[in-house]
file model_14.txt (compact mmCIF, C-alpha atoms and all ligand atoms)
# COMPACT_ATOMS: atom_id res chain seq x y z
CA MET G 7 0.00 0.00 0.00
CA GLN G 8 1.33 3.43 -0.94
CA ARG G 9 0.08 6.93 -0.15
CA ILE G 10 -0.73 8.36 -3.57
CA ALA G 11 -1.82 11.88 -4.51
CA PHE G 12 -3.82 11.90 -7.76
CA ILE G 13 -4.40 15.22 -9.52
CA GLY G 14 -6.67 15.50 -12.57
CA LEU G 15 -9.67 13.17 -12.42
CA GLY G 16 -11.11 13.51 -15.93
CA HIS G 17 -11.99 10.85 -18.49
CA MET G 18 -8.63 9.14 -17.95
CA GLY G 19 -7.55 10.18 -14.44
CA GLY G 20 -10.90 9.32 -12.82
CA PRO G 21 -10.83 5.61 -13.69
CA MET G 22 -7.04 5.42 -13.13
CA ALA G 23 -7.44 6.77 -9.58
CA ALA G 24 -10.32 4.33 -9.01
CA ASN G 25 -8.10 1.39 -10.04
CA LEU G 26 -5.39 2.51 -7.59
CA ALA G 27 -7.93 2.66 -4.75
CA ARG G 28 -9.29 -0.75 -5.78
CA ALA G 29 -5.74 -2.17 -5.60
CA GLY G 30 -5.55 -1.07 -1.94
CA HIS G 31 -3.56 2.15 -2.25
CA ALA G 32 -4.48 5.17 -0.11
CA VAL G 33 -5.45 7.69 -2.80
CA ARG G 34 -5.95 11.41 -2.06
CA ALA G 35 -7.64 12.91 -5.07
CA PHE G 36 -7.90 16.49 -6.31
CA ASP G 37 -9.43 18.12 -9.39
CA LEU G 38 -10.56 21.69 -10.06
CA ASP G 39 -13.98 20.15 -10.80
CA ALA G 40 -15.73 19.18 -7.54
CA GLY G 41 -17.91 16.66 -9.39
CA ALA G 42 -14.81 14.74 -10.52
CA VAL G 43 -13.56 14.63 -6.91
CA ALA G 44 -16.94 13.33 -5.72
CA ALA G 45 -16.80 10.54 -8.31
CA ALA G 46 -13.29 9.57 -7.13
CA VAL G 47 -14.51 9.45 -3.52
CA ALA G 48 -17.37 7.17 -4.59
CA ALA G 49 -14.68 4.92 -6.13
CA GLY G 50 -12.72 4.68 -2.87
CA ALA G 51 -10.40 7.71 -2.86
CA GLN G 52 -10.19 10.41 -0.18
CA ALA G 53 -11.05 13.98 -1.23
CA ALA G 54 -8.40 16.70 -1.01
CA ALA G 55 -9.41 20.37 -0.95
CA SER G 56 -6.35 21.44 -2.94
CA ALA G 57 -3.43 19.95 -4.84
CA ALA G 58 -1.15 20.94 -1.93
CA GLU G 59 -3.39 19.08 0.53
CA ALA G 60 -3.39 16.01 -1.74
CA VAL G 61 0.41 15.78 -1.78
CA ALA G 62 1.00 16.68 1.89
CA ASP G 63 2.13 13.19 2.98
CA ALA G 64 2.29 11.48 -0.42
CA GLU G 65 4.89 8.89 -1.38
CA VAL G 66 3.85 9.05 -5.03
CA VAL G 67 2.26 12.02 -6.87
CA ILE G 68 0.43 11.30 -10.13
CA SER G 69 -1.04 13.90 -12.48
CA MET G 70 -3.33 13.44 -15.49
CA LEU G 71 -4.05 16.89 -16.94
CA PRO G 72 -5.11 18.13 -20.39
CA ALA G 73 -1.99 19.83 -21.82
CA SER G 74 1.49 21.30 -21.27
CA ARG G 75 0.26 24.57 -19.81
CA HIS G 76 -1.75 22.79 -17.12
CA VAL G 77 1.21 20.59 -16.12
CA GLU G 78 3.67 23.50 -16.02
CA GLY G 79 1.09 25.62 -14.19
CA LEU G 80 0.50 22.93 -11.58
CA TYR G 81 4.10 22.00 -10.79
CA LEU G 82 5.94 25.25 -11.52
CA GLY G 83 3.28 27.75 -10.44
CA GLY G 84 2.25 31.05 -11.89
CA ASP G 85 -1.39 29.99 -12.29
CA ALA G 86 -4.44 30.19 -10.09
CA LEU G 87 -3.03 27.55 -7.76
CA GLY G 88 -0.35 29.84 -6.40
CA GLU G 89 2.96 31.35 -7.38
CA ASP G 90 5.12 28.62 -5.89
CA GLY G 91 3.78 25.66 -7.78
CA LEU G 92 3.20 22.24 -6.36
CA LEU G 93 6.84 21.06 -6.47
CA ALA G 94 7.48 23.22 -3.39
CA ALA G 95 4.79 21.33 -1.45
CA ILE G 96 5.77 17.76 -2.37
CA PRO G 97 7.55 15.93 0.48
CA ALA G 98 11.24 15.13 0.00
CA GLY G 99 11.75 11.64 -1.37
CA ALA G 100 8.35 11.42 -3.07
CA LEU G 101 8.18 10.22 -6.66
CA VAL G 102 6.33 12.36 -9.23
CA VAL G 103 4.70 10.73 -12.28
CA ASP G 104 2.98 12.85 -14.93
CA CYS G 105 0.76 10.74 -17.20
CA SER G 106 -0.59 13.64 -19.31
CA THR G 107 0.31 13.86 -23.02
CA ILE G 108 2.38 17.05 -23.27
CA ALA G 109 5.28 18.55 -25.22
CA PRO G 110 8.57 16.72 -24.59
CA ALA G 111 10.17 20.13 -23.87
CA SER G 112 7.61 20.80 -21.11
CA ALA G 113 8.17 17.36 -19.61
CA ARG G 114 11.94 17.99 -19.51
CA LYS G 115 11.45 21.46 -17.99
CA VAL G 116 9.27 20.18 -15.15
CA ALA G 117 11.53 17.14 -14.56
CA GLU G 118 14.57 19.45 -14.28
CA ALA G 119 12.76 21.67 -11.78
CA ALA G 120 11.77 18.56 -9.80
CA ALA G 121 15.38 17.30 -9.85
CA ALA G 122 16.56 20.69 -8.58
CA ARG G 123 14.35 20.05 -5.53
CA GLY G 124 15.66 16.51 -5.14
CA LEU G 125 12.47 14.90 -6.49
CA ALA G 126 12.55 12.08 -9.03
CA MET G 127 10.07 12.57 -11.86
CA LEU G 128 8.85 10.41 -14.74
CA ASP G 129 6.87 11.35 -17.83
CA ALA G 130 4.52 8.41 -18.37
CA PRO G 131 1.92 9.21 -21.04
CA VAL G 132 -0.48 6.40 -21.80
CA SER G 133 -2.01 4.58 -24.71
CA GLY G 134 -5.25 2.63 -24.50
CA GLY G 135 -7.91 5.33 -24.22
CA THR G 136 -10.74 5.58 -21.74
CA ALA G 137 -11.59 1.88 -22.15
CA GLY G 138 -8.02 0.96 -21.17
CA ALA G 139 -8.14 3.38 -18.21
CA GLN G 140 -11.34 1.76 -16.95
CA ALA G 141 -10.18 -1.81 -17.48
CA GLY G 142 -6.71 -1.13 -15.99
CA THR G 143 -5.02 -2.23 -19.22
CA LEU G 144 -3.21 0.96 -20.21
CA THR G 145 0.24 1.01 -21.79
CA PHE G 146 2.66 3.41 -20.01
CA ILE G 147 5.35 4.97 -22.21
CA VAL G 148 7.98 6.21 -19.80
CA GLY G 149 10.83 8.72 -19.77
CA GLY G 150 13.12 9.29 -16.78
CA GLU G 151 15.62 7.40 -14.65
CA ALA G 152 15.42 3.60 -14.58
CA ALA G 153 15.57 3.55 -10.77
CA ALA G 154 12.56 5.88 -10.55
CA LEU G 155 10.65 3.65 -12.95
CA GLU G 156 11.34 0.60 -10.77
CA ARG G 157 9.83 2.48 -7.81
CA ALA G 158 6.80 3.43 -9.93
CA ARG G 159 6.30 0.04 -11.55
CA PRO G 160 3.98 -1.57 -8.94
CA VAL G 161 1.79 1.56 -8.98
CA LEU G 162 1.69 1.67 -12.80
CA GLN G 163 0.79 -2.02 -12.86
CA ALA G 164 -2.36 -1.30 -10.86
CA MET G 165 -3.52 0.90 -13.78
CA GLY G 166 -2.02 -0.81 -16.79
CA ARG G 167 -0.63 -3.90 -18.40
CA ASN G 168 2.46 -2.78 -20.34
CA VAL G 169 5.29 -0.46 -19.32
CA PHE G 170 7.93 0.68 -21.83
CA HIS G 171 11.02 2.62 -20.74
CA MET G 172 12.03 4.83 -23.69
CA GLY G 173 14.94 6.81 -22.20
CA ASP G 174 15.57 9.96 -20.15
CA ALA G 175 13.08 12.69 -19.20
CA GLY G 176 10.84 13.59 -22.15
CA ALA G 177 11.51 10.32 -24.01
CA GLY G 178 8.13 8.90 -23.02
CA GLN G 179 6.40 11.90 -24.58
CA VAL G 180 8.48 11.66 -27.78
CA ALA G 181 7.63 7.96 -28.15
CA LYS G 182 3.93 8.56 -27.52
CA LEU G 183 3.90 11.27 -30.23
CA CYS G 184 5.69 8.96 -32.69
CA ASN G 185 3.01 6.31 -32.18
CA ASN G 186 0.10 8.71 -32.51
CA MET G 187 1.58 10.42 -35.55
CA ALA G 188 1.84 7.05 -37.33
CA LEU G 189 -1.73 6.26 -36.25
CA GLY G 190 -3.06 9.59 -37.55
CA VAL G 191 -1.38 9.15 -40.93
CA ILE G 192 -2.48 5.52 -41.27
CA MET G 193 -6.10 6.30 -40.39
CA ALA G 194 -6.30 9.11 -42.97
CA ALA G 195 -4.64 6.90 -45.60
CA THR G 196 -6.98 3.99 -44.90
CA GLY G 197 -10.04 6.23 -45.20
CA GLU G 198 -8.75 7.54 -48.50
CA ALA G 199 -8.19 4.01 -49.85
CA LEU G 200 -11.70 2.92 -48.84
CA ALA G 201 -13.18 6.06 -50.42
CA LEU G 202 -11.35 5.34 -53.67
CA GLY G 203 -12.74 1.82 -53.69
CA ALA G 204 -16.25 3.07 -52.96
CA ALA G 205 -15.97 5.61 -55.80
CA HIS G 206 -15.49 2.63 -58.09
CA GLY G 207 -18.48 0.82 -56.65
CA LEU G 208 -16.51 -1.58 -54.43
CA ASP G 209 -18.07 -2.86 -51.22
CA ALA G 210 -16.13 -1.32 -48.28
CA LYS G 211 -16.60 -4.45 -46.19
CA ALA G 212 -15.14 -6.72 -48.87
CA LEU G 213 -12.29 -4.27 -49.56
CA SER G 214 -11.49 -4.04 -45.82
CA ALA G 215 -11.58 -7.82 -45.41
CA MET G 216 -9.06 -8.17 -48.23
CA MET G 217 -6.83 -5.38 -46.91
CA ALA G 218 -6.93 -6.81 -43.39
CA VAL G 219 -4.97 -9.86 -44.57
CA SER G 220 -2.87 -8.00 -47.13
CA THR G 221 -0.04 -5.50 -46.95
CA GLY G 222 -2.41 -2.55 -46.32
CA ARG G 223 -3.48 -4.04 -42.99
CA SER G 224 -3.38 -2.00 -39.79
CA TRP G 225 -5.33 -1.20 -36.64
CA ALA G 226 -7.41 1.09 -38.89
CA THR G 227 -8.52 -1.78 -41.15
CA GLU G 228 -8.98 -4.38 -38.40
CA VAL G 229 -10.10 -2.67 -35.19
CA CYS G 230 -11.21 0.92 -35.82
CA ASN G 231 -12.23 0.80 -39.47
CA PRO G 232 -13.27 4.33 -40.56
CA TRP G 233 -16.02 3.19 -42.94
CA PRO G 234 -19.55 2.97 -41.44
CA GLY G 235 -20.93 -0.57 -41.25
CA VAL G 236 -17.65 -2.41 -41.85
CA LEU G 237 -17.02 -3.25 -38.17
CA GLU G 238 -20.03 -3.32 -35.88
CA ASN G 239 -18.09 -2.13 -32.81
CA ALA G 240 -16.05 0.62 -34.46
CA PRO G 241 -17.01 4.29 -33.80
CA ALA G 242 -17.74 4.67 -37.57
CA SER G 243 -20.73 2.34 -37.16
CA ARG G 244 -22.30 4.54 -34.48
CA GLY G 245 -21.93 7.96 -36.10
CA TYR G 246 -18.30 8.22 -34.92
CA ALA G 247 -19.39 8.64 -31.27
CA GLY G 248 -16.94 7.68 -28.52
CA GLY G 249 -13.41 6.47 -29.30
CA PHE G 250 -10.42 8.82 -29.57
CA GLY G 251 -11.56 12.35 -30.29
CA ASN G 252 -10.48 14.16 -33.47
CA ASP G 253 -9.44 17.14 -31.32
CA LEU G 254 -7.15 14.91 -29.22
CA MET G 255 -5.50 13.54 -32.36
CA LEU G 256 -5.10 17.12 -33.59
CA LYS G 257 -3.47 18.06 -30.29
CA ASP G 258 -1.00 15.16 -30.50
CA LEU G 259 -0.10 15.97 -34.12
CA GLY G 260 0.51 19.59 -33.10
CA LEU G 261 2.89 18.35 -30.39
CA ALA G 262 4.59 16.10 -32.96
CA ALA G 263 5.04 19.12 -35.27
CA GLU G 264 6.59 21.14 -32.39
CA ALA G 265 8.86 18.23 -31.50
CA ALA G 266 9.91 17.86 -35.15
CA MET G 267 10.77 21.56 -35.40
CA SER G 268 12.81 21.53 -32.21
CA ALA G 269 14.90 18.60 -33.51
CA GLY G 270 15.04 19.67 -37.17
CA ALA G 271 13.25 16.45 -38.17
CA ALA G 272 11.17 16.19 -41.35
CA ILE G 273 7.61 14.91 -40.90
CA PRO G 274 5.90 15.71 -44.22
CA LEU G 275 3.10 13.18 -43.73
CA GLY G 276 2.65 14.11 -40.07
CA GLU G 277 2.24 17.77 -41.03
CA LEU G 278 -0.22 16.87 -43.78
CA ALA G 279 -2.18 14.70 -41.36
CA ARG G 280 -2.25 17.54 -38.82
CA ASN G 281 -3.88 19.74 -41.44
CA LEU G 282 -6.42 17.05 -42.34
CA TYR G 283 -7.50 16.67 -38.69
CA ALA G 284 -7.62 20.47 -38.35
CA MET G 285 -9.94 20.58 -41.39
CA ASN G 286 -12.07 17.82 -39.88
CA SER G 287 -12.36 19.81 -36.65
CA ALA G 288 -13.26 22.95 -38.60
CA ALA G 289 -15.98 20.93 -40.35
CA GLY G 290 -17.58 20.39 -36.92
CA ASN G 291 -16.24 16.89 -36.23
CA GLY G 292 -13.80 17.79 -33.46
CA ARG G 293 -15.56 15.81 -30.76
CA LEU G 294 -16.18 12.77 -32.94
CA ASP G 295 -13.77 9.86 -33.17
CA PHE G 296 -10.71 10.74 -35.27
CA SER G 297 -11.67 8.12 -37.88
CA SER G 298 -14.33 10.65 -38.97
CA VAL G 299 -11.43 12.25 -40.91
CA VAL G 300 -12.66 10.00 -43.75
CA ARG G 301 -15.55 12.45 -44.18
CA LEU G 302 -13.13 14.88 -45.83
CA VAL G 303 -12.96 12.55 -48.83
CA ALA G 304 -16.29 10.72 -48.50
CA LYS G 305 -19.11 13.13 -47.71
CA ASP G 306 -21.66 10.40 -46.99
CA ALA G 307 -19.49 8.44 -44.51
P1 LIG G 401 -10.09 15.54 -19.29
O1 LIG G 401 -10.23 16.91 -19.82
O2 LIG G 401 -11.25 14.61 -19.27
O3 LIG G 401 -9.52 15.60 -17.78
C1 LIG G 401 -8.57 16.52 -17.33
C2 LIG G 401 -8.93 16.89 -15.89
O4 LIG G 401 -7.90 17.73 -15.35
C3 LIG G 401 -10.24 17.66 -15.77
O5 LIG G 401 -11.10 17.00 -14.87
C4 LIG G 401 -9.80 19.04 -15.25
O6 LIG G 401 -10.74 19.63 -14.37
C5 LIG G 401 -8.53 18.67 -14.52
N1 LIG G 401 -7.60 19.77 -14.30
C6 LIG G 401 -7.12 20.68 -15.20
N2 LIG G 401 -6.23 21.50 -14.61
C7 LIG G 401 -6.14 21.10 -13.31
C8 LIG G 401 -5.38 21.55 -12.20
N3 LIG G 401 -4.52 22.57 -12.30
N4 LIG G 401 -5.54 20.91 -11.03
C9 LIG G 401 -6.39 19.88 -10.89
N5 LIG G 401 -7.14 19.41 -11.92
C10 LIG G 401 -7.01 20.01 -13.11
O7 LIG G 401 -8.86 14.89 -20.12
P2 LIG G 401 -8.56 13.32 -20.31
O8 LIG G 401 -9.32 12.80 -21.47
O9 LIG G 401 -8.64 12.65 -18.99
O10 LIG G 401 -7.03 13.40 -20.79
C11 LIG G 401 -5.97 13.68 -19.88
C12 LIG G 401 -4.65 13.53 -20.63
O11 LIG G 401 -4.55 12.20 -21.13
C13 LIG G 401 -4.50 14.45 -21.84
O12 LIG G 401 -3.17 14.90 -21.89
C14 LIG G 401 -4.83 13.55 -23.02
O13 LIG G 401 -4.18 13.97 -24.21
C15 LIG G 401 -4.28 12.23 -22.53
N6 LIG G 401 -4.90 11.04 -23.15
C16 LIG G 401 -6.26 10.98 -23.31
C17 LIG G 401 -6.83 9.85 -23.89
C18 LIG G 401 -8.33 9.76 -24.08
O14 LIG G 401 -8.77 8.85 -24.82
N7 LIG G 401 -9.13 10.61 -23.45
C19 LIG G 401 -6.01 8.78 -24.30
C20 LIG G 401 -4.64 8.84 -24.07
C21 LIG G 401 -4.08 10.00 -23.49
call {"tool": "encode", "arguments": {"input": "model_14.txt", "output": "structure tokens"}}
result
Amino acid sequence: MQRIAFIGLGHMGGPMAANLARAGHAVRAFDLDAGAVAAAVAAGAQAAASAAEAVADAEVVISMLPASRHVEGLYLGGDALGEDGLLAAIPAGALVVDCSTIAPASARKVAEAAAARGLAMLDAPVSGGTAGAQAGTLTFIVGGEAAALERARPVLQAMGRNVFHMGDAGAGQVAKLCNNMALGVIMAATGEALALGAAHGLDAKALSAMMAVSTGRSWATEVCNPWPGVLENAPASRGYAGGFGNDLMLKDLGLAAEAAMSAGAAIPLGELARNLYAMNSAAGNGRLDFSSVVRLVAKDA
């Protein structure tokens, strides 16, 4: 049993905190939204009135916030939570794990500030979506020191199934962005291929079944097919509701573009995909599953 502070109890953080409580950890939960705190309490956590109160006697601090500015604001200060930032309130020796998807540069900045205070910090963004968060089957993609990861491992295993150590601080974020950039490109390409087939009168189900055992196969053909009616359980077959939001994919591709610029890396397809998801958002599909990007080339999908 560990004393864990959990900050950010949204779609992902809420079920993750619930799984930690279920595994027998003492979880003190905080979110700016009182309703999210109440839900965590119903799932077995203790409520904290502030982030500082949550971390007061914590051995492990976990955060799951929307974006870089929230993570920097929380830990480094300068936002509504107070000038000092939370790092100043975290007990010496505690381990800090940020699971949000943020810019690698932000992750490194916060980890350096934590190190300057003698705190070990990991960036541990996740893959697996809200279903994985609920089922406790997330994949953690980790950057930071190996020794810190070994301390975190039993806690991560209460929320997920796979843990990958990618390198030093920020490396978890870079790896997560690489995966999601490939996913974004592949989804758009698969939609385009199915639209081309449909334009020639092909049946999308038959085309997908062939592609799924051929060289064009991917998660997009087999699990989250973007064409309505091909896979019963895919978001496309329920009006693109649920799944991984177009706006979240757009956010991750924006982070990939920033990361590419900072390293001088060329990502021509990633940049193109970012524009496609931006167009899909502008068309009013931002909250739909990202496979709705197929609508850009197939109006009736
Ligand atoms: P969300 O918006 O549902 O939850 C974020 C929570 O953080 C909200 O409840 C908000 O009130 C809270 N919050 C914001 N600032 C805070 C602060 N300073 N102190 C305390 N609480 C604060 O977002 P989510 O879907 O849970 O995603 C969280 C992160 O996980 C994001 O970085 C996202 O990109 C990443 N992610 C999401 C998914 C997904 O499918 N939703 C999948 C993988 C990764």
call {"tool": "residues_around", "arguments": {"input": "model_14.txt", "residues": "range 125-140 of chain G", "least_positions_apart": "4", "cutoff": "6 Å", "atoms": "only C-alpha atoms", "output": "count of residues only"}}
result
21
call {"tool": "residues_near_ligand", "arguments": {"input": "model_14.txt", "ligand": "ligand LIG 401 (chain G)", "cutoff": "7 Å", "atoms": "only C-alpha atoms and all ligand atoms", "output": "compact mmCIF listing (two decimals) with C-alpha atoms, keeping the file's coordinate frame"}}
result
# COMPACT_ATOMS: atom_id res chain seq x y z
CA ILE G 13 -4.40 15.22 -9.52
CA GLY G 14 -6.67 15.50 -12.57
CA LEU G 15 -9.67 13.17 -12.42
CA GLY G 16 -11.11 13.51 -15.93
CA HIS G 17 -11.99 10.85 -18.49
CA MET G 18 -8.63 9.14 -17.95
CA GLY G 19 -7.55 10.18 -14.44
CA PHE G 36 -7.90 16.49 -6.31
CA ASP G 37 -9.43 18.12 -9.39
CA LEU G 38 -10.56 21.69 -10.06
CA ASP G 39 -13.98 20.15 -10.80
CA ALA G 42 -14.81 14.74 -10.52
CA ALA G 57 -3.43 19.95 -4.84
CA MET G 70 -3.33 13.44 -15.49
CA LEU G 71 -4.05 16.89 -16.94
CA PRO G 72 -5.11 18.13 -20.39
CA ALA G 73 -1.99 19.83 -21.82
CA HIS G 76 -1.75 22.79 -17.12
CA GLY G 79 1.09 25.62 -14.19
CA LEU G 80 0.50 22.93 -11.58
CA LEU G 87 -3.03 27.55 -7.76
CA CYS G 105 0.76 10.74 -17.20
CA SER G 106 -0.59 13.64 -19.31
CA THR G 107 0.31 13.86 -23.02
CA ILE G 108 2.38 17.05 -23.27
CA PRO G 131 1.92 9.21 -21.04
CA VAL G 132 -0.48 6.40 -21.80
CA SER G 133 -2.01 4.58 -24.71
CA GLY G 134 -5.25 2.63 -24.50
CA GLY G 135 -7.91 5.33 -24.22
CA THR G 136 -10.74 5.58 -21.74
CA GLY G 249 -13.41 6.47 -29.30
CA PHE G 250 -10.42 8.82 -29.57
CA LEU G 254 -7.15 14.91 -29.22
call {"tool": "closest_residue", "arguments": {"input": "model_14.txt", "among": "G:Leu93, G:Met216, G:Leu261, G:Met165", "to": "Ala119 in chain G", "atoms": "all atoms listed in the file"}}
result
G:Leu93
call {"tool": "closest_residue", "arguments": {"input": "model_14.txt", "among": "G:Ala23, G:Val191, G:Cys230, G:Met172", "to": "Ala218 in chain G", "atoms": "only C-alpha atoms"}}
result
G:Cys230
call {"tool": "atom_distance", "arguments": {"input": "model_14.txt", "atom1": "CA of Ala289 in chain G", "atom2": "CA of Ala272 in chain G"}}
result
27.6 Å
call {"tool": "residues_around", "arguments": {"input": "model_14.txt", "residues": "Asp253 in chain G", "least_positions_apart": "2", "cutoff": "10 Å", "atoms": "only C-alpha atoms", "output": "JSON, numbers by chain"}}
result
{"G": [250, 251, 255, 256, 257, 258, 259, 283, 284, 286, 287, 291, 292, 293, 294, 295, 296]}
call {"tool": "residues_near_point", "arguments": {"input": "model_14.txt", "point": "(10.2, 19.7, -20.1)", "cutoff": "10 Å", "atoms": "all atoms listed in the file", "output": "list of chain:residue names"}}
result
G:Ser74, G:Val77, G:Glu78, G:Ile108, G:Ala109, G:Pro110, G:Ala111, G:Ser112, G:Ala113, G:Arg114, G:Lys115, G:Val116, G:Ala117, G:Glu118, G:Ala119, G:Asp129, G:Ala175, G:Gly176, G:Gln179
call {"tool": "atom_distance", "arguments": {"input": "model_14.txt", "atom1": "CA of Ala205 in chain G", "atom2": "CA of Val299 in chain G"}}
result
16.9 Å
call {"tool": "closest_residue", "arguments": {"input": "model_14.txt", "among": "G:Leu26, G:Ala94, G:Ala188, G:Met285", "to": "Gly142 in chain G", "atoms": "only C-alpha atoms"}}
result
G:Leu26
call {"tool": "atom_distance", "arguments": {"input": "model_14.txt", "atom1": "CA of Leu282 in chain G", "atom2": "CA of Ile192 in chain G"}}
result
12.2 Å
call {"tool": "closest_residue", "arguments": {"input": "model_14.txt", "among": "G:Val66, G:Val229, G:Val61, G:Ala263", "to": "Pro241 in chain G", "atoms": "all atoms listed in the file"}}
result
G:Val229
call {"tool": "closest_residue", "arguments": {"input": "model_14.txt", "among": "G:Val219, G:Ala152, G:Leu200, G:Ile10", "to": "Arg301 in chain G", "atoms": "only C-alpha atoms"}}
result
G:Leu200
call {"tool": "closest_residue", "arguments": {"input": "model_14.txt", "among": "G:Ala266, G:Ile273, G:Asn168, G:Trp233", "to": "Gly203 in chain G", "atoms": "all atoms listed in the file"}}
result
G:Trp233
